[in-house]
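Participant: Quick one: the structure is below, and I'll ask about it shortly.
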Amino acid sequence: MLTIKPTSIRSWSMLGSRGTFGLTLFELAQHHPDVVALTGDLCKSSGLDRFATTFPERFFNAGIAEQNMVGVAAGLAASGYVPFVTSFANFVTFRAAEQVRVNLGYMQQNVKLVALASGLATGMFGATHHGIEDLAALRSVSNITILSPADCTATAKMTEAALLHQGPVYLRLTGNIRAPVVYKEDFDLQIGRAIVLSKGKDVALVATGTMVHVALQVATQLQEYGIDASVIDMHTIKPLDTDTLSNVLNAKLIVTLEEHSEIGGLGSAVAEYLTAKKQRPPQLILGIPQGYPHAGDYGWMLEQAGLTASQVTQRITSRLRED
C-alpha cells in the first residue's frame with residue numbers, strides 16, 4: 001500500500017501531477033510486476049524516466065501513434081498485464097476514440113488511460129494541445145471509470161486506486177508544477193464517493209481537479225458576503241456520487257467548477273442528475289467557455305476563462321442577487 005508522508009506531499013506539489021504520477025507508478029511497479037507503462041513519445045512529460053530506466057522490459061514508447069498504443073495496451077491487458085497509457089488528454093481521447101470505445105468500453109480491457117495536462121496546463125502549446133473536451137468525449141462511453149484528482153496527494157492515491165480497480169480507468173491530471181495542496185495528509189479515498197471538505201447551507205460548490213483548491217478559496221471569500229458555502233471534491237466524474245449531491249438539494253445554489261468545457265463535463269453530469277428532481281436548487285455551471293482560447297501562460301489562461309477565485313466569487317454573488 002502506498003505510504004503518504006508529509007515530505008512526499010511537499011515534493012509532489014513541487015513536481016506537479018505528472019511528476020507525481022510517474023514517481024507513484026514507479027513505486028507501485030516495484031510491488032506489482034504486472035504493471036507496464038506505455039507512452040506516446042512523452043516519457044519525460046509523463047514522469048516515467050525512472051520507470052523506463054529501471055524496468056526497460058516493462059516500458060513501451062509507441063511514438064506519436066496513440067491509436068496503435070491503445071490497441072497494444074488492450075492486448076497487454078488481455079495477456080494479464082495492467083497497462084498505464086500516457087499522453088496528452090486530447091490525443092488519448094480524440095485521436096484514439098475508436099480504440100478507446102471498442103477496447104475499453106465494449107471489451108472492458110483493464111487499461112488505465114492517464115491524461116497529461118488536461119485543461120489548459122499546456123498553455124503556450126495552443127488549442128491543439130489543450131484538453132478541454134475530453135470528459136465530454138469519454139462520459140458517453142460505457143464501462144469507463146473517470147477520476148479527476150484535486151492535487152498531487154490525490155494523484156498518488158488515485159494512481160494506486162486505478163491499479164487496484166478492475167476495469168478501464170481514465171485518470172485526468174490537471175494543473176502544473178508547484179501545485180496548490182488540498183490534502184495535507186493521508187485521507188480515505190473511495191472511487192465513486194465524493195469528499196465533503198466543508199459544509200454550508202447557502203451554496204454548494206461542487207468542484208473537480210484544480211478547481212477544488214479554487215473552490216476552497218471561493219468559500220472563504222463568500223464568507224465576507226455572509227454566504228455560507230460547502231465544498232465538495234467530486235473526484236470521480238463517473239460514476240457520479242449522487243448520494244452526496246442529494247444532501248445539498250436544499251442549498252440556494254449549486255455551483256459546479258471544472259477546468260473543462262462548460263459542455264459535457266462535471267456540470268453536465270450534475271445537471272443530468274438534478275433534472276430528474278422535482279425540487280432542486282438552480283445550478284451555475286462554471287468551466288471553460290465555448291471556443292478555443294489563445295495560447296498563453298497557464299495562469300493567464302485560467303483568468304481568461306473566468307476561473308480564478310475572485311472571478312468565481314463575483315459570478316456567484318451576482319447570480320444570488322438575480323435570484
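As shown in the C-alpha cells, the chain order sets the letters A, B, ...; within each chain, residues go from 1, and ligands are also counted from 1 in the order they appear.
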Just want the 9 Å neighbourhood of Leu266 (chain A), counted on only C-alpha atoms, with same-chain residues fewer than 4 positions away dropped. Output as a short mmCIF file (atom, residue, chain, number, x, y, z; two decimals) with N, CA, C and O atoms, in the first residue's frame.

Facilitator:
```cif
data_model
loop_
_atom_site.label_atom_id
_atom_site.label_comp_id
_atom_site.auth_asym_id
_atom_site.auth_seq_id
_atom_site.Cartn_x
_atom_site.Cartn_y
_atom_site.Cartn_z
N LEU A 135 -13.63 15.07 -21.13
CA LEU A 135 -14.68 14.47 -20.31
C LEU A 135 -15.96 14.26 -21.12
O LEU A 135 -16.62 13.23 -20.99
N ALA A 136 -16.28 15.24 -21.95
CA ALA A 136 -17.47 15.13 -22.79
C ALA A 136 -17.36 13.92 -23.71
O ALA A 136 -18.34 13.21 -23.95
N VAL A 206 -19.43 22.36 -6.00
CA VAL A 206 -19.07 21.01 -6.41
C VAL A 206 -17.95 21.13 -7.43
O VAL A 206 -18.17 21.58 -8.57
N ALA A 207 -16.75 20.76 -7.05
CA ALA A 207 -15.58 21.02 -7.89
C ALA A 207 -14.81 19.74 -8.16
O ALA A 207 -14.94 18.74 -7.45
N THR A 208 -13.97 19.81 -9.19
CA THR A 208 -13.11 18.66 -9.51
C THR A 208 -11.77 19.17 -10.03
O THR A 208 -11.66 20.29 -10.53
N MET A 234 -15.56 16.42 -6.03
CA MET A 234 -16.16 15.36 -6.84
C MET A 234 -15.06 14.75 -7.71
O MET A 234 -14.94 14.99 -8.91
N ILE A 237 -15.80 11.48 -11.64
CA ILE A 237 -16.80 12.04 -12.54
C ILE A 237 -17.79 10.96 -12.98
O ILE A 237 -18.96 11.21 -13.19
N LEU A 240 -20.88 9.02 -10.92
CA LEU A 240 -21.09 10.24 -10.15
C LEU A 240 -21.71 9.90 -8.80
O LEU A 240 -22.60 9.05 -8.71
N THR A 256 -21.05 24.23 -10.07
CA THR A 256 -20.04 23.25 -10.48
C THR A 256 -18.84 23.98 -11.06
O THR A 256 -18.99 24.94 -11.82
N LEU A 257 -17.65 23.50 -10.69
CA LEU A 257 -16.40 24.14 -11.10
C LEU A 257 -15.48 23.10 -11.72
O LEU A 257 -15.21 22.06 -11.11
N GLU A 258 -14.99 23.37 -12.91
CA GLU A 258 -14.13 22.40 -13.59
C GLU A 258 -13.23 23.09 -14.60
O GLU A 258 -13.62 24.10 -15.21
N HIS A 260 -12.54 22.43 -17.64
CA HIS A 260 -13.05 21.67 -18.78
C HIS A 260 -14.13 22.52 -19.43
O HIS A 260 -14.64 23.46 -18.82
N GLU A 262 -17.58 23.99 -20.50
CA GLU A 262 -18.84 24.07 -19.75
C GLU A 262 -19.86 23.06 -20.26
O GLU A 262 -20.87 22.81 -19.60
N VAL A 270 -23.83 16.73 -13.35
CA VAL A 270 -24.66 17.14 -12.21
C VAL A 270 -26.03 17.59 -12.69
O VAL A 270 -27.06 17.27 -12.08
N ALA A 271 -26.08 18.32 -13.80
CA ALA A 271 -27.35 18.79 -14.36
C ALA A 271 -28.25 17.62 -14.74
O ALA A 271 -29.47 17.66 -14.55
N ILE A 285 -23.12 26.58 -13.86
CA ILE A 285 -22.04 25.77 -14.42
C ILE A 285 -20.88 26.68 -14.81
O ILE A 285 -21.01 27.53 -15.69
#
```

Participant: Which region 62-114 of chain A residues have any atom within 10 Å of an atom of region 142-162 of chain A, and for each, what is the nearest pair of atoms with distance in Å to one decimal, counting only C-alpha atoms, rows sorted by chain and number, as CSV?

Facilitator:
```
residue,atom,partner,partner_atom,distance
A:Val82,CA,A:Ala162,CA,9.9
A:Phe84,CA,A:Ala162,CA,9.3
A:Val100,CA,A:Ile144,CA,9.3
A:Arg101,CA,A:Ser142,CA,8.0
A:Val102,CA,A:Ser142,CA,9.9
A:Leu104,CA,A:Ile144,CA,7.0
A:Gly105,CA,A:Ser142,CA,5.2
A:Tyr106,CA,A:Ser142,CA,7.2
A:Met107,CA,A:Asn143,CA,9.2
A:Gln108,CA,A:Asn143,CA,6.7
A:Gln109,CA,A:Asn143,CA,9.8
A:Asn110,CA,A:Ala162,CA,9.7
A:Val111,CA,A:Ala162,CA,9.3
A:Lys112,CA,A:Ala162,CA,6.9
A:Leu113,CA,A:Ala162,CA,9.5
A:Val114,CA,A:Thr159,CA,9.0
```

Participant: Save out the residues we just selected, C-alpha atoms, as a PDB file, in the first residue's frame.

Facilitator:
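The file below, part-v2.pdb, is the result:
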```
ATOM      1  CA  VAL A  82      -2.017  -3.822 -16.110  1.00  0.00           C
ATOM      2  CA  PHE A  84      -0.879   2.547 -17.860  1.00  0.00           C
ATOM      3  CA  VAL A 100     -10.935   3.504 -26.510  1.00  0.00           C
ATOM      4  CA  ARG A 101     -14.594   2.862 -27.266  1.00  0.00           C
ATOM      5  CA  VAL A 102     -14.083  -0.685 -28.570  1.00  0.00           C
ATOM      6  CA  LEU A 104     -12.008  -0.273 -23.177  1.00  0.00           C
ATOM      7  CA  GLY A 105     -15.713   0.480 -23.371  1.00  0.00           C
ATOM      8  CA  TYR A 106     -17.004  -2.560 -25.228  1.00  0.00           C
ATOM      9  CA  MET A 107     -14.333  -5.159 -24.416  1.00  0.00           C
ATOM     10  CA  GLN A 108     -13.694  -3.721 -20.924  1.00  0.00           C
ATOM     11  CA  GLN A 109      -9.973  -4.391 -21.065  1.00  0.00           C
ATOM     12  CA  ASN A 110      -8.163  -3.454 -17.854  1.00  0.00           C
ATOM     13  CA  VAL A 111      -6.345  -0.441 -19.325  1.00  0.00           C
ATOM     14  CA  LYS A 112      -5.592   2.742 -17.380  1.00  0.00           C
ATOM     15  CA  LEU A 113      -5.536   5.879 -19.520  1.00  0.00           C
ATOM     16  CA  VAL A 114      -3.560   8.725 -17.959  1.00  0.00           C
TER      17      VAL A 114
END
```

Participant: Determine, for each residue of region 111-180 of chain A having at least one atom at most 12 Å from an atom of region 88-93 of chain A, the closest pair of atoms and their separation in Å to one decimal, counting only C-alpha atoms; order by chain and ascending number, as a Markdown table.

Facilitator:
```
| residue | atom | partner | partner_atom | distance |
| --- | --- | --- | --- | --- |
| A:Lys112 | CA | A:Val92 | CA | 11.1 |
| A:Leu113 | CA | A:Val92 | CA | 7.5 |
| A:Val114 | CA | A:Ala89 | CA | 7.8 |
| A:Ala115 | CA | A:Ala89 | CA | 4.3 |
| A:Leu116 | CA | A:Phe88 | CA | 4.5 |
| A:Ala117 | CA | A:Phe88 | CA | 6.1 |
| A:Ser118 | CA | A:Ala89 | CA | 5.3 |
| A:Gly119 | CA | A:Ala89 | CA | 8.1 |
| A:Leu120 | CA | A:Ala89 | CA | 10.4 |
| A:Ala121 | CA | A:Phe88 | CA | 10.2 |
| A:Thr122 | CA | A:Phe88 | CA | 9.0 |
| A:Phe125 | CA | A:Phe88 | CA | 11.5 |
| A:Ala127 | CA | A:Asn90 | CA | 9.9 |
| A:Thr128 | CA | A:Asn90 | CA | 8.0 |
| A:His129 | CA | A:Asn90 | CA | 6.7 |
| A:His130 | CA | A:Asn90 | CA | 7.0 |
| A:Gly131 | CA | A:Asn90 | CA | 4.9 |
| A:Ile132 | CA | A:Asn90 | CA | 7.7 |
| A:Glu133 | CA | A:Asn90 | CA | 7.4 |
| A:Asp134 | CA | A:Asn90 | CA | 6.0 |
| A:Leu135 | CA | A:Thr93 | CA | 8.9 |
| A:Ala136 | CA | A:Thr93 | CA | 9.9 |
| A:Ala137 | CA | A:Thr93 | CA | 7.0 |
| A:Leu138 | CA | A:Thr93 | CA | 7.2 |
| A:Arg139 | CA | A:Thr93 | CA | 11.0 |
| A:Ser140 | CA | A:Thr93 | CA | 12.0 |
| A:Val141 | CA | A:Thr93 | CA | 10.9 |
| A:Tyr170 | CA | A:Thr93 | CA | 9.6 |
| A:Leu171 | CA | A:Ala89 | CA | 9.6 |
| A:Arg172 | CA | A:Ala89 | CA | 7.5 |
| A:Leu173 | CA | A:Ala89 | CA | 8.5 |
| A:Thr174 | CA | A:Ala89 | CA | 9.7 |
```

Participant: With distances taken over only C-alpha atoms, which of A:His32, A:His235, A:Arg18, A:Arg50 is nearest to Leu2 (chain A)?

Facilitator: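 For Leu2 (chain A), the nearest of the given residues is A:His32.
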
Participant: Dump as JSON lines the rows for residues of region 164-198 of chain A within 12 Å of region 75-81 of chain A: closest atom pair and distance in Å with one decimal, only C-alpha atoms counted, ordered by chain and rising residue number.

Facilitator:
```
{"residue": "A:Gln166", "atom": "CA", "partner": "A:Ala77", "partner_atom": "CA", "distance": 10.9}
{"residue": "A:Gly167", "atom": "CA", "partner": "A:Ala77", "partner_atom": "CA", "distance": 9.9}
{"residue": "A:Pro168", "atom": "CA", "partner": "A:Ala77", "partner_atom": "CA", "distance": 9.9}
```

Participant: Give me the residues near Ala229 (chain A) as JSON, numbers by chain, where near means some atom within 9 Å (using only C-alpha atoms) and where sequence neighbours in that chain fewer than 3 positions away do not count.

Facilitator: {"A": [198, 199, 200, 201, 202, 203, 204, 205, 218, 219, 220, 222, 223, 251]}

Participant: Give me, as a PyMOL selection string, all polymer residues having an atom no more than 12 Å from Pro33 (chain A), counting only C-alpha atoms and skipping those fewer than 4 positions away in the same chain.

Facilitator: chain A and resi 25-29+37+55+57-58+80-83+163

Participant: For the residues selected in the previous step, produce a file with N, CA, C and O atoms as a compact mmCIF listing (two decimals), in the first residue's frame.

Facilitator:
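That gives us out35.txt:
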```txt
# COMPACT_ATOMS: atom_id res chain seq x y z
N LEU A 25 3.81 5.55 -9.87
CA LEU A 25 3.75 4.31 -10.65
C LEU A 25 5.04 3.53 -10.50
O LEU A 25 5.02 2.29 -10.43
N PHE A 26 6.18 4.23 -10.44
CA PHE A 26 7.46 3.56 -10.23
C PHE A 26 7.46 2.81 -8.90
O PHE A 26 7.90 1.65 -8.82
N GLU A 27 6.96 3.45 -7.84
CA GLU A 27 6.91 2.80 -6.53
C GLU A 27 5.97 1.61 -6.55
O GLU A 27 6.29 0.53 -6.02
N LEU A 28 4.81 1.76 -7.18
CA LEU A 28 3.84 0.67 -7.23
C LEU A 28 4.36 -0.50 -8.07
O LEU A 28 4.12 -1.67 -7.75
N ALA A 29 5.10 -0.19 -9.13
CA ALA A 29 5.60 -1.23 -10.03
C ALA A 29 6.59 -2.15 -9.33
O ALA A 29 6.74 -3.32 -9.74
N ALA A 37 4.04 0.26 -18.55
CA ALA A 37 3.76 1.65 -18.92
C ALA A 37 3.97 1.85 -20.41
O ALA A 37 4.94 1.36 -20.98
N PHE A 55 12.82 -0.45 -15.34
CA PHE A 55 12.05 -1.57 -15.90
C PHE A 55 11.95 -1.43 -17.43
O PHE A 55 10.86 -1.26 -17.98
N GLU A 57 12.08 -3.51 -19.76
CA GLU A 57 11.27 -4.55 -20.40
C GLU A 57 9.77 -4.35 -20.16
O GLU A 57 8.94 -5.03 -20.78
N ARG A 58 9.43 -3.40 -19.29
CA ARG A 58 8.02 -3.12 -18.98
C ARG A 58 7.61 -1.72 -19.44
O ARG A 58 6.54 -1.23 -19.08
N GLY A 80 -2.88 -10.34 -19.25
CA GLY A 80 -2.71 -10.37 -17.81
C GLY A 80 -1.93 -9.22 -17.21
O GLY A 80 -1.73 -9.16 -15.99
N TYR A 81 -1.47 -8.28 -18.03
CA TYR A 81 -0.74 -7.12 -17.52
C TYR A 81 -1.73 -5.99 -17.17
O TYR A 81 -2.89 -6.01 -17.59
N VAL A 82 -1.22 -5.01 -16.42
CA VAL A 82 -2.02 -3.82 -16.11
C VAL A 82 -1.31 -2.63 -16.75
O VAL A 82 -0.38 -2.05 -16.17
N PRO A 83 -1.71 -2.25 -17.96
CA PRO A 83 -1.03 -1.17 -18.67
C PRO A 83 -1.54 0.21 -18.28
O PRO A 83 -2.74 0.45 -18.19
N LEU A 163 -4.90 1.30 -10.24
CA LEU A 163 -4.22 0.00 -10.35
C LEU A 163 -5.07 -1.11 -9.73
O LEU A 163 -5.21 -2.20 -10.31
```

Participant: Quick check, in Å to one decimal: how far apart do CA of Leu302 (chain A) and CA of Thr242 (chain A) lie?

Facilitator: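 One can read the CA of Leu302 (chain A) to CA of Thr242 (chain A) distance as 28.2 Å.
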
Participant: Using Å and a single decimal, report how far CA of Tyr292 (chain A) sits from CA of Ser318 (chain A).

Facilitator: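 Value for the CA of Ser318 (chain A)-CA of Tyr292 (chain A) distance: 25.8 Å.
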
Participant: How many Å lie between CA of Gly192 (chain A) and CA of Thr236 (chain A), rounded to one decimal?

Facilitator: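 Pair CA of Gly192 (chain A) / CA of Thr236 (chain A) returns 5.3 Å.
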
Participant: List as a ChimeraX atom specification the protein and nucleic acid residues near Val72 (chain A), meaning an atom at most 9 Å away when only C-alpha atoms are counted, but skip any in the same chain fewer than 5 places from it.

Facilitator: /A:38,62,67,77

Participant: Nearest to Trp300 (chain A) among A:Thr3, A:Arg280, A:Thr86, A:Met124, with distances taken over only C-alpha atoms: which residue is it?

Facilitator: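 Looking only at the distances to Trp300 (chain A), the closest residue turns out to be A:Met124.
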
Participant: Give me the residues near Ala179 (chain A) as an MDAnalysis selection string, where near means some atom within 7 Å (using only C-alpha atoms) and where sequence neighbours in that chain fewer than 6 positions away do not count.

Facilitator: chainID A and resid 13:14 16 151

Participant: Could the residues in this selection be saved with all heavy atoms as a JSON list (two decimals), in the first residue's frame?

Facilitator:
```json
[["chain", "number", "residue", "atom", "x", "y", "z"],
["A", 13, "SER", "N", 3.99, 18.25, -4.64],
["A", 13, "SER", "CA", 3.45, 19.56, -5.00],
["A", 13, "SER", "C", 4.41, 20.31, -5.92],
["A", 13, "SER", "O", 3.98, 20.95, -6.89],
["A", 13, "SER", "CB", 3.17, 20.39, -3.74],
["A", 13, "SER", "OG", 2.77, 21.69, -4.07],
["A", 14, "MET", "N", 5.70, 20.24, -5.63],
["A", 14, "MET", "CA", 6.68, 20.92, -6.47],
["A", 14, "MET", "C", 6.76, 20.29, -7.86],
["A", 14, "MET", "O", 6.95, 20.97, -8.86],
["A", 14, "MET", "CB", 8.06, 20.89, -5.80],
["A", 14, "MET", "CG", 8.13, 21.69, -4.49],
["A", 14, "MET", "SD", 7.70, 23.44, -4.73],
["A", 14, "MET", "CE", 9.07, 23.96, -5.76],
["A", 16, "GLY", "N", 4.32, 18.62, -9.45],
["A", 16, "GLY", "CA", 3.07, 18.68, -10.19],
["A", 16, "GLY", "C", 2.49, 17.29, -10.40],
["A", 16, "GLY", "O", 3.11, 16.27, -10.04],
["A", 151, "ASP", "N", -5.34, 17.37, -6.23],
["A", 151, "ASP", "CA", -3.95, 17.82, -6.06],
["A", 151, "ASP", "C", -3.02, 16.64, -6.24],
["A", 151, "ASP", "O", -3.45, 15.56, -6.67],
["A", 151, "ASP", "CB", -3.77, 18.51, -4.70],
["A", 151, "ASP", "CG", -3.90, 17.55, -3.52],
["A", 151, "ASP", "OD1", -4.19, 16.35, -3.72],
["A", 151, "ASP", "OD2", -3.69, 18.00, -2.37]]
```

Participant: From a DSSP calculation on the backbone, collect every residue of region 8-144 of chain A in helix (DSSP H, G or I) and output the set as an MDAnalysis selection string.

Facilitator: chainID A and resid 8:29 49:54 56:58 66:78 89:95 97:106 123:125 134:139

Participant: Of the candidates A:Gly123, A:Gly296, A:Gly287, A:Lys5, which shows the shortest atom-to-atom distance to Ser261 (chain A), using only C-alpha atoms?

Facilitator: A:Gly287

Participant: Pick out the residues sitting within 9 Å of Pro293 (chain A), and hand them over as an MDAnalysis selection string; count only C-alpha atoms, and ignore anything fewer than 5 positions along from it in its own chain.

Facilitator: chainID A and resid 126:127 288 301 304:305
